[in-house]
>>> print(open('data_8.csv').read())   # CSV, C-alpha atoms
chain,number,residue,atom,x,y,z
L,1,MET,CA,-10.0,-5.3,12.5
L,2,LYS,CA,-6.8,-4.6,14.4
L,3,ALA,CA,-5.7,-1.2,13.2
L,4,ASN,CA,-2.1,-0.4,13.9
L,5,TYR,CA,-1.3,3.3,13.7
L,6,GLY,CA,2.2,4.5,14.1
L,7,TYR,CA,5.7,3.8,12.9
L,8,LYS,CA,9.0,2.2,13.4
L,9,ASP,CA,12.1,4.3,13.1
L,10,GLY,CA,15.7,4.3,14.4
L,11,SER,CA,14.6,5.0,18.0
L,12,GLY,CA,12.1,2.2,18.3
L,13,GLU,CA,8.6,1.0,17.5
L,14,PHE,CA,5.6,3.2,18.3
L,15,PHE,CA,2.2,1.8,17.5
L,16,ILE,CA,-1.3,2.3,18.9
L,17,THR,CA,-3.4,-0.7,18.1
L,18,ILE,CA,-7.2,-0.3,18.0
L,19,ASP,CA,-9.2,-3.5,17.9
L,20,THR,CA,-12.4,-2.4,16.1
L,21,ASP,CA,-14.1,-5.8,16.8
L,22,LYS,CA,-14.0,-5.1,20.5
L,23,CYS,CA,-14.9,-1.4,20.2
L,24,ASN,CA,-18.4,-0.4,21.2
L,25,SER,CA,-18.2,3.0,19.4
L,26,CYS,CA,-18.8,5.0,22.6
L,27,GLY,CA,-16.2,7.6,21.8
L,28,ASP,CA,-14.9,8.0,25.3
L,29,CYS,CA,-11.3,7.5,24.3
L,30,ALA,CA,-11.5,10.5,21.9
L,31,LYS,CA,-13.1,12.7,24.5
L,32,VAL,CA,-10.4,12.1,27.1
L,33,CYS,CA,-7.4,12.3,24.8
L,34,PRO,CA,-5.7,15.6,25.8
L,35,PRO,CA,-3.8,16.3,22.5
L,36,LYS,CA,-6.7,14.8,20.4
L,37,VAL,CA,-4.4,12.1,19.0
L,38,ILE,CA,-7.4,9.8,19.0
L,39,VAL,CA,-10.5,10.8,17.0
L,40,MET,CA,-13.6,9.0,15.9
L,41,ILE,CA,-14.0,8.2,12.2
L,42,THR,CA,-16.3,6.2,10.0
L,43,ASN,CA,-14.1,3.5,8.4
L,44,ASP,CA,-14.3,1.8,5.0
L,45,TYR,CA,-16.8,-0.7,6.4
L,46,ASP,CA,-19.1,1.9,7.8
L,47,GLU,CA,-18.2,1.3,11.4
L,48,VAL,CA,-17.8,4.3,13.7
L,49,VAL,CA,-14.5,3.6,15.5
L,50,PRO,CA,-11.5,5.5,16.9
L,51,ALA,CA,-8.4,6.2,14.9
L,52,VAL,CA,-5.2,8.1,15.3
L,53,ALA,CA,-5.7,11.5,13.6
L,54,GLU,CA,-3.8,11.8,10.3
L,55,GLU,CA,-1.7,14.8,11.6
L,56,HIS,CA,-0.5,12.8,14.6
L,57,ARG,CA,0.4,9.5,12.9
L,58,LYS,CA,4.0,10.2,12.2
L,59,LYS,CA,4.8,11.7,15.6
L,60,ILE,CA,2.9,9.8,18.3
L,61,LYS,CA,6.1,9.2,20.2
L,62,TYR,CA,6.1,12.9,21.0
L,63,ASP,CA,2.4,13.6,21.0
L,64,CYS,CA,1.6,10.8,23.4
L,65,ALA,CA,4.6,11.6,25.6
L,66,PRO,CA,2.8,13.9,28.1
L,67,CYS,CA,0.6,10.9,29.1
L,68,LYS,CA,3.6,8.7,29.6
L,69,PRO,CA,5.7,9.9,32.6
L,70,VAL,CA,9.2,8.4,32.8
L,71,SER,CA,8.7,7.5,36.4
L,72,GLY,CA,5.7,7.1,38.7
L,73,PRO,CA,2.4,5.4,38.0
L,74,ARG,CA,1.3,5.4,34.4
L,75,ASN,CA,-2.3,5.9,33.6
L,76,LEU,CA,-3.1,6.4,29.9
L,77,PRO,CA,-6.4,8.2,29.6
L,78,CYS,CA,-7.4,6.5,26.4
L,79,VAL,CA,-6.7,3.0,27.6
L,80,ALA,CA,-8.3,3.7,31.0
L,81,ALA,CA,-11.5,5.1,29.4
L,82,CYS,CA,-11.9,2.1,27.1
L,83,LYS,CA,-14.3,-0.3,28.8
L,84,PRO,CA,-14.0,-3.1,26.2
L,85,VAL,CA,-10.1,-2.8,26.3
L,86,ALA,CA,-9.8,-2.2,22.6
L,87,ILE,CA,-6.8,0.2,22.8
L,88,VAL,CA,-3.2,-0.9,23.3
L,89,HIS,CA,0.0,1.1,23.1
L,90,SER,CA,3.2,-0.8,22.0
L,91,TRP,CA,5.6,1.3,24.0
J,1,MET,CA,20.8,11.7,-20.1
J,2,VAL,CA,19.4,8.3,-19.2
J,3,GLU,CA,17.0,8.2,-16.4
J,4,PHE,CA,17.6,4.9,-14.8
J,5,TRP,CA,14.8,5.1,-12.3
J,6,ARG,CA,12.2,5.7,-15.0
J,7,TRP,CA,10.0,2.7,-15.4
J,8,LYS,CA,7.8,2.1,-18.5
J,9,GLU,CA,4.3,3.2,-18.4
J,10,TYR,CA,1.8,0.8,-20.0
J,11,ARG,CA,-1.8,0.0,-20.6
J,12,TRP,CA,-3.7,-3.3,-21.2
J,13,THR,CA,-7.1,-4.3,-22.5
J,14,ALA,CA,-8.7,-7.7,-22.1
J,15,PRO,CA,-8.3,-9.3,-25.6
J,16,ASP,CA,-11.7,-10.9,-26.0
J,17,ALA,CA,-14.1,-8.9,-23.8
J,18,ASP,CA,-16.8,-6.5,-24.9
J,19,TRP,CA,-18.1,-3.9,-22.5
J,20,LYS,CA,-21.3,-3.4,-24.4
J,21,ASN,CA,-22.9,-6.5,-22.9
J,22,ALA,CA,-21.8,-5.6,-19.3
J,23,GLY,CA,-24.4,-4.8,-16.7
J,24,ILE,CA,-22.1,-2.9,-14.4
J,25,ILE,CA,-19.0,-0.9,-15.6
J,26,SER,CA,-17.1,0.1,-12.6
J,27,CYS,CA,-13.8,2.0,-12.3
J,28,GLY,CA,-11.1,2.3,-9.7
J,29,ILE,CA,-8.5,5.0,-9.7
J,30,ASP,CA,-5.4,4.6,-7.5
J,31,VAL,CA,-3.4,7.8,-7.4
J,32,GLY,CA,-0.3,6.8,-5.5
J,33,SER,CA,2.7,8.9,-4.6
J,34,VAL,CA,4.8,7.5,-7.5
J,35,SER,CA,2.4,5.8,-9.9
J,36,SER,CA,-1.3,6.2,-10.8
J,37,GLN,CA,-3.5,3.4,-12.1
J,38,ALA,CA,-6.9,3.4,-13.6
J,39,VAL,CA,-8.8,0.1,-13.7
J,40,ILE,CA,-12.0,-0.6,-15.5
J,41,MET,CA,-14.0,-3.7,-14.7
J,42,THR,CA,-17.1,-5.1,-16.4
J,43,ASP,CA,-19.3,-7.1,-14.1
J,44,GLY,CA,-16.4,-7.8,-11.8
J,45,ASN,CA,-14.0,-8.9,-14.5
J,46,LEU,CA,-10.9,-7.0,-15.4
J,47,TYR,CA,-11.5,-5.1,-18.7
J,48,ALA,CA,-8.7,-2.5,-19.0
J,49,TYR,CA,-6.1,-0.7,-17.0
J,50,SER,CA,-3.4,1.8,-17.3
J,51,ASN,CA,-0.4,2.5,-15.2
J,52,MET,CA,1.6,5.7,-15.4
J,53,ARG,CA,3.6,8.1,-13.3
J,54,THR,CA,1.9,10.5,-10.9
J,55,GLY,CA,2.7,14.0,-11.9
J,56,SER,CA,2.7,17.0,-9.5
J,57,ASN,CA,-1.0,17.4,-9.8
J,58,SER,CA,-3.3,14.5,-8.6
J,59,PRO,CA,-6.5,15.5,-10.4
J,60,ASP,CA,-4.5,15.7,-13.6
J,61,SER,CA,-2.8,12.4,-13.0
J,62,ALA,CA,-6.1,10.7,-12.4
J,63,ARG,CA,-7.6,12.2,-15.5
J,64,ARG,CA,-4.6,11.1,-17.7
J,65,ALA,CA,-4.6,7.6,-16.2
J,66,LEU,CA,-8.4,7.2,-16.9
J,67,ASP,CA,-8.1,8.6,-20.4
J,68,TRP,CA,-5.3,6.2,-21.3
J,69,ALA,CA,-7.2,3.2,-19.9
J,70,LEU,CA,-10.2,4.2,-22.0
J,71,GLU,CA,-8.1,4.7,-25.1
J,72,GLY,CA,-9.2,2.5,-28.0
J,73,THR,CA,-12.0,0.8,-26.1
J,74,GLY,CA,-14.8,3.1,-27.3
J,75,LEU,CA,-15.8,3.6,-23.7
J,76,LYS,CA,-16.3,7.1,-22.3
J,77,GLN,CA,-16.3,8.4,-18.7
J,78,GLU,CA,-20.1,8.8,-18.9
J,79,ASN,CA,-20.4,5.0,-19.4
J,80,MET,CA,-19.0,4.3,-15.9
J,81,HIS,CA,-21.6,3.5,-13.4
J,82,PHE,CA,-19.4,4.3,-10.4
J,83,ILE,CA,-15.8,5.6,-9.9
J,84,VAL,CA,-14.0,5.0,-6.7
J,85,GLY,CA,-10.7,6.8,-5.9
J,86,THR,CA,-8.0,5.5,-3.6
J,87,GLY,CA,-4.4,6.1,-2.8
J,88,TYR,CA,-2.6,9.2,-1.5
J,89,GLY,CA,-4.4,11.5,-3.9
J,90,ARG,CA,-7.9,9.9,-3.4
J,91,ILE,CA,-9.5,13.0,-1.8
J,92,ASN,CA,-8.3,15.1,-4.8
J,93,ILE,CA,-10.0,13.3,-7.7
J,94,PRO,CA,-12.9,15.6,-8.7
J,95,PHE,CA,-14.7,13.0,-10.9
J,96,ALA,CA,-14.6,10.1,-8.4
J,97,ASN,CA,-18.0,9.3,-6.7
J,98,LYS,CA,-16.3,8.1,-3.5
J,99,ALA,CA,-12.9,7.7,-1.8
J,100,ILE,CA,-11.9,4.6,0.0
J,101,THR,CA,-8.6,4.0,1.8
J,102,GLU,CA,-5.9,2.1,-0.1
J,103,ILE,CA,-5.7,-0.5,2.7
J,104,ALA,CA,-9.2,-1.7,2.1
J,105,CYS,CA,-8.7,-1.6,-1.6
J,106,HIS,CA,-5.4,-3.5,-1.6
J,107,ALA,CA,-6.9,-6.3,0.5
J,108,ARG,CA,-9.9,-6.6,-1.8
J,109,GLY,CA,-7.7,-6.3,-4.9
J,110,ALA,CA,-5.3,-9.0,-3.6
J,111,ASN,CA,-8.3,-11.2,-2.9
J,112,PHE,CA,-9.2,-10.9,-6.6
J,113,MET,CA,-5.6,-11.3,-7.9
J,114,TYR,CA,-4.5,-14.2,-5.6
J,115,GLY,CA,-7.8,-15.9,-4.9
J,116,PRO,CA,-9.8,-16.2,-1.7
J,117,THR,CA,-7.1,-18.2,0.1
J,118,VAL,CA,-4.8,-15.1,0.6
J,119,ARG,CA,-4.6,-14.1,4.2
J,120,THR,CA,-1.6,-11.8,4.4
J,121,VAL,CA,-1.0,-9.1,1.9
J,122,LEU,CA,2.1,-7.0,1.6
J,123,ASP,CA,1.7,-3.8,-0.4
J,124,MET,CA,5.0,-2.3,-1.3
J,125,GLY,CA,4.3,1.0,-2.8
J,126,GLY,CA,6.2,4.0,-3.9
J,127,GLN,CA,6.2,5.9,-0.6
J,128,ASP,CA,5.0,3.4,2.0
J,129,CYS,CA,4.8,-0.2,2.9
J,130,LYS,CA,1.6,-1.8,4.2
J,131,ALA,CA,1.1,-5.2,5.8
J,132,ILE,CA,-2.5,-6.3,5.7
J,133,ARG,CA,-4.3,-9.4,7.1
J,134,CYS,CA,-7.6,-10.2,5.5
J,135,ASP,CA,-10.4,-12.8,5.5
J,136,GLU,CA,-11.7,-14.9,2.6
J,137,LYS,CA,-13.8,-12.0,1.4
J,138,GLY,CA,-10.9,-9.6,1.2
J,139,LYS,CA,-12.1,-7.7,4.3
J,140,VAL,CA,-9.2,-6.3,6.4
J,141,THR,CA,-8.8,-8.0,9.8
J,142,ALA,CA,-5.6,-6.2,10.7
J,143,PHE,CA,-3.2,-3.8,9.2
J,144,LEU,CA,0.0,-1.9,9.8
J,145,MET,CA,1.4,0.9,7.7
J,146,ASN,CA,4.8,2.4,7.6
J,147,ASP,CA,4.8,5.7,5.7
J,148,LYS,CA,7.2,7.7,7.9
J,149,CYS,CA,10.3,6.8,6.0
J,150,ALA,CA,11.3,5.9,2.5
J,151,ALA,CA,13.4,2.9,3.4
J,152,GLY,CA,11.6,-0.2,2.2
J,153,THR,CA,9.7,1.6,-0.6
J,154,GLY,CA,9.9,1.9,-4.3
J,155,ARG,CA,11.2,5.4,-4.0
J,156,GLY,CA,14.3,4.1,-2.1
J,157,MET,CA,14.8,1.6,-4.9
J,158,GLU,CA,14.6,4.4,-7.5
J,159,VAL,CA,17.3,6.3,-5.7
J,160,PHE,CA,19.6,3.2,-5.8
J,161,ALA,CA,18.9,2.5,-9.5
J,162,ASP,CA,19.9,6.1,-10.2
J,163,LEU,CA,23.0,6.0,-8.1
J,164,LEU,CA,24.2,2.7,-9.6
J,165,GLN,CA,23.1,3.5,-13.1
J,166,VAL,CA,21.1,0.3,-13.4
J,167,HIS,CA,17.6,0.3,-15.0
J,168,ILE,CA,15.0,-0.2,-12.3
J,169,GLU,CA,13.6,-3.3,-14.0
J,170,GLU,CA,17.0,-5.0,-14.0
J,171,VAL,CA,17.8,-4.4,-10.3
J,172,GLY,CA,16.3,-7.7,-9.1
J,173,ASP,CA,18.1,-10.0,-11.5
J,174,LEU,CA,21.4,-8.2,-11.2
J,175,SER,CA,21.3,-8.4,-7.4
J,176,PHE,CA,21.6,-12.2,-7.7
J,177,LYS,CA,24.6,-12.1,-10.0
J,178,VAL,CA,27.0,-12.0,-7.1
J,179,ASP,CA,29.7,-14.5,-6.0
J,180,LYS,CA,28.5,-14.4,-2.4
J,181,GLU,CA,25.6,-12.7,-0.7
J,182,PRO,CA,27.1,-9.5,0.9
J,183,PRO,CA,26.0,-8.2,4.3
J,184,PRO,CA,23.0,-5.9,4.1
J,185,VAL,CA,23.4,-2.1,4.1
J,186,SER,CA,23.3,-1.2,7.8
J,187,SER,CA,21.7,2.2,7.5
J,188,THR,CA,17.9,2.3,7.7
J,189,CYS,CA,17.5,5.7,6.1
J,190,VAL,CA,17.7,5.9,2.3
J,191,VAL,CA,19.8,9.0,2.4
J,192,PHE,CA,22.4,7.3,4.7
J,193,ALA,CA,22.1,4.0,2.8
J,194,LYS,CA,23.0,5.9,-0.3
J,195,SER,CA,26.1,7.4,1.2
J,196,GLU,CA,27.0,3.9,2.6
J,197,ALA,CA,26.6,2.5,-1.0
J,198,SER,CA,28.8,5.3,-2.4
J,199,ALA,CA,31.5,4.3,0.1
J,200,LEU,CA,31.2,0.7,-0.9
J,201,LEU,CA,31.6,1.6,-4.6
J,202,ARG,CA,34.7,3.7,-3.8
J,203,LYS,CA,36.2,0.7,-2.0
J,204,GLY,CA,35.8,-1.2,-5.2
J,205,VAL,CA,32.8,-3.4,-4.3
J,206,PRO,CA,31.1,-4.5,-7.6
J,207,LYS,CA,27.8,-2.8,-8.5
J,208,ASN,CA,25.8,-6.0,-8.2
J,209,GLU,CA,27.0,-6.6,-4.7
J,210,VAL,CA,25.9,-3.2,-3.6
J,211,LEU,CA,22.5,-3.8,-5.2
J,212,ALA,CA,22.3,-7.1,-3.3
J,213,ALA,CA,23.2,-5.4,-0.1
J,214,TYR,CA,20.4,-2.9,-0.5
J,215,CYS,CA,17.8,-5.5,-1.6
J,216,SER,CA,18.5,-7.6,1.5
J,217,ALA,CA,18.4,-4.6,3.8
J,218,MET,CA,15.0,-3.7,2.3
J,219,ALA,CA,13.8,-7.3,2.6
J,220,HIS,CA,14.8,-7.4,6.2
J,221,ARG,CA,13.1,-4.2,7.1
J,222,ILE,CA,9.9,-5.4,5.5
J,223,PHE,CA,10.3,-8.7,7.3
J,224,SER,CA,10.3,-7.0,10.7
J,225,LEU,CA,7.2,-5.1,9.8
J,226,LEU,CA,5.4,-8.3,8.8
J,227,GLU,CA,6.6,-10.1,11.9
J,228,ARG,CA,4.9,-7.5,14.1
J,229,LEU,CA,1.6,-8.2,12.4
J,230,GLY,CA,2.1,-11.9,12.1
J,231,VAL,CA,2.1,-13.8,8.8
J,232,GLU,CA,-0.5,-16.4,8.0
J,233,LYS,CA,-0.6,-18.5,4.8
J,234,ASP,CA,-1.3,-17.7,1.9
J,235,PHE,CA,0.9,-14.8,1.3
J,236,GLY,CA,0.6,-12.3,-1.6
J,237,ILE,CA,2.5,-9.2,-2.5
J,238,THR,CA,1.1,-6.2,-4.4
J,239,GLY,CA,2.5,-2.9,-5.5
J,240,GLY,CA,5.4,-2.0,-7.6
J,241,ILE,CA,8.2,-3.7,-5.7
J,242,SER,CA,6.5,-7.1,-6.1
J,243,LYS,CA,8.1,-7.1,-9.5
J,244,ASN,CA,11.6,-6.8,-8.0
J,245,ARG,CA,12.8,-10.3,-7.5
J,246,GLY,CA,15.8,-9.1,-5.5
J,247,VAL,CA,13.6,-8.0,-2.7
J,248,VAL,CA,10.8,-10.6,-3.0
J,249,ASP,CA,13.0,-13.7,-3.1
J,250,ARG,CA,15.0,-12.5,-0.2
J,251,LEU,CA,11.9,-11.7,1.8
J,252,THR,CA,10.2,-15.0,1.2
J,253,LYS,CA,13.4,-16.8,2.1
J,254,GLU,CA,13.5,-15.0,5.4
J,255,LEU,CA,9.8,-15.7,6.0
J,256,GLY,CA,10.1,-19.3,5.0
J,257,ILE,CA,6.9,-19.2,2.9
J,258,THR,CA,6.6,-18.5,-0.8
J,259,SER,CA,4.3,-15.8,-2.2
J,260,LEU,CA,1.4,-16.7,-4.6
J,261,THR,CA,1.6,-16.0,-8.3
J,262,PRO,CA,-0.8,-13.2,-9.3
J,263,ARG,CA,-3.4,-13.6,-12.0
J,264,TYR,CA,-2.7,-10.1,-13.3
J,265,ASP,CA,-0.2,-7.3,-12.8
J,266,PRO,CA,0.1,-6.9,-9.0
J,267,GLN,CA,0.8,-3.2,-9.3
J,268,VAL,CA,-2.8,-2.5,-10.2
J,269,ALA,CA,-4.3,-4.4,-7.2
J,270,GLY,CA,-5.3,-1.1,-5.4
J,271,GLY,CA,-7.2,0.0,-8.5
J,272,VAL,CA,-8.8,-3.4,-8.9
J,273,GLY,CA,-10.0,-3.3,-5.3
J,274,ALA,CA,-11.4,0.2,-5.8
J,275,ALA,CA,-13.3,-1.0,-8.9
J,276,LEU,CA,-14.7,-3.9,-7.0
J,277,PHE,CA,-15.9,-1.6,-4.2
J,278,ALA,CA,-17.5,0.5,-7.0
J,279,LYS,CA,-19.3,-2.5,-8.3
J,280,SER,CA,-20.7,-3.4,-4.9
J,281,LEU,CA,-21.8,0.2,-4.4
J,282,VAL,CA,-23.7,0.1,-7.7
J,283,GLU,CA,-25.3,-3.2,-6.7
J,284,LYS,CA,-26.3,-1.7,-3.3
J,285,GLN,CA,-27.8,1.3,-5.1
J,286,ARG,CA,-29.8,-0.8,-7.5
J,287,ALA,CA,-31.1,-3.1,-4.8
J,288,GLY,CA,-32.2,0.0,-2.8
J,289,GLN,CA,-34.1,1.4,-5.8
J,290,VAL,CA,-35.9,-1.9,-6.4
J,291,ALA,CA,-36.9,-2.2,-2.8
J,292,ARG,CA,-38.4,1.3,-2.9
>>> encode(input="data_8.csv", output="structure tokens")
Amino acid sequence: MKANYGYKDGSGEFFITIDTDKCNSCGDCAKVCPPKVIVMITNDYDEVVPAVAEEHRKKIKYDCAPCKPVSGPRNLPCVAACKPVAIVHSW
Amino acid sequence: MVEFWRWKEYRWTAPDADWKNAGIISCGIDVGSVSSQAVIMTDGNLYAYSNMRTGSNSPDSARRALDWALEGTGLKQENMHFIVGTGYGRINIPFANKAITEIACHARGANFMYGPTVRTVLDMGGQDCKAIRCDEKGKVTAFLMNDKCAAGTGRGMEVFADLLQVHIEEVGDLSFKVDKEPPPVSSTCVVFAKSEASALLRKGVPKNEVLAAYCSAMAHRIFSLLERLGVEKDFGITGGISKNRGVVDRLTKELGITSLTPRYDPQVAGGVGAALFAKSLVEKQRAGQVAR
């Protein structure tokens, strides 16, 4: 399942896509996420997968901002930690 | 005072079904932000449902919806083998046995309403809009939800019905009674769209044209959401706005594909999905007991 968390508003599209079919449930992404935007959950089909925490869903543009410097190299911890490449940020 | 946004609450019972012969009586309760539905299914067939407004208290709304669905059937809550709650208020239904997210429930419900060929489901609810892709079993393969803003939701439509003093059920038909299709309302936000509409009315733009402008703005907004996820045939729409032709026809025109015709009221799809999950859970439980 490709789970898209985030929103689209007047300032742009902000989505974190988690491909649960690629996910190996290791939980590394949740461990390395500084503001704990990504947490592990058990979904409706009893898979243990990462998801964007409820309280962050409507403001990931701001909550993810510290990991996204305007200039210089960009190295998102959650994306780097994911060996099966299951996490993608849209912005 | 007439409340133009207030839609009719209703209930339905299958005319020739009897619950007494049913092996599994399952129940799904969808407590949404605007409306609550209780759906009762006997062996996976739709038996009864009710649809009413959610009050300020979700346990209370769930209770009222269930009581109304049970009314006149002779069924009691004790007869239910399993109750699944879904929707915004799902964690707050004390008598539900389990809570499942509305995304999974709508996909499953759409699979039942539209048949197994449905691959893309759009749920236009009262407070959010969800685009869902699913497989032939109604299992979600991708989803996208927009619940940050009221544009593109039923609540936005209610605001407009109230402003233009048009009954909410008539919005769709009236929005087509225009000489030429007006440009869509440019504001994304409902509050700004409302002031834009007031400005149009002051300029002397007829009511129907303002409705058309809002419906097409909403359709376009939903289109961009669907585009992000990708649309695959067949396409089905669930939720309250599926009954608003003004939005649905404009959306399918923009998409270039038509939406399927539902077998039952598409607004109860979430509840139907929940009831189907409840049925599967009972079957799982029973199989487990036999094995032991």
>>> residues_near_point(input="data_8.csv", point="(-21.2, -0.4, -5.2)", cutoff="10 Å", atoms="all atoms listed in the file", output="PyMOL selection string")
chain J and resi 24+26+81-84+98+274-286
>>> closest_residue(input="data_8.csv", among="L:Ile18, L:Ala80, L:Ala65, L:Met1", to="Asp44 in chain L", atoms="only C-alpha atoms")
L:Met1
>>> closest_residue(input="data_8.csv", among="L:Ala3, L:Val85, L:Ile41, L:Val79", to="chain J", atoms="only C-alpha atoms")
L:Ala3
>>> residues_around(input="data_8.csv", residues="Phe192 in chain J", least_positions_apart="5", cutoff="12 Å", atoms="only C-alpha atoms", output="list of chain:residue names")
J:Ala150, J:Ala151, J:Gly156, J:Val159, J:Phe160, J:Val185, J:Ser186, J:Ser187, J:Ala197, J:Ser198, J:Ala199, J:Tyr214
>>> closest_residue(input="data_8.csv", among="L:Lys58, L:Cys67, L:Ile87, L:Thr17", to="chain J", atoms="all atoms listed in the file")
L:Lys58
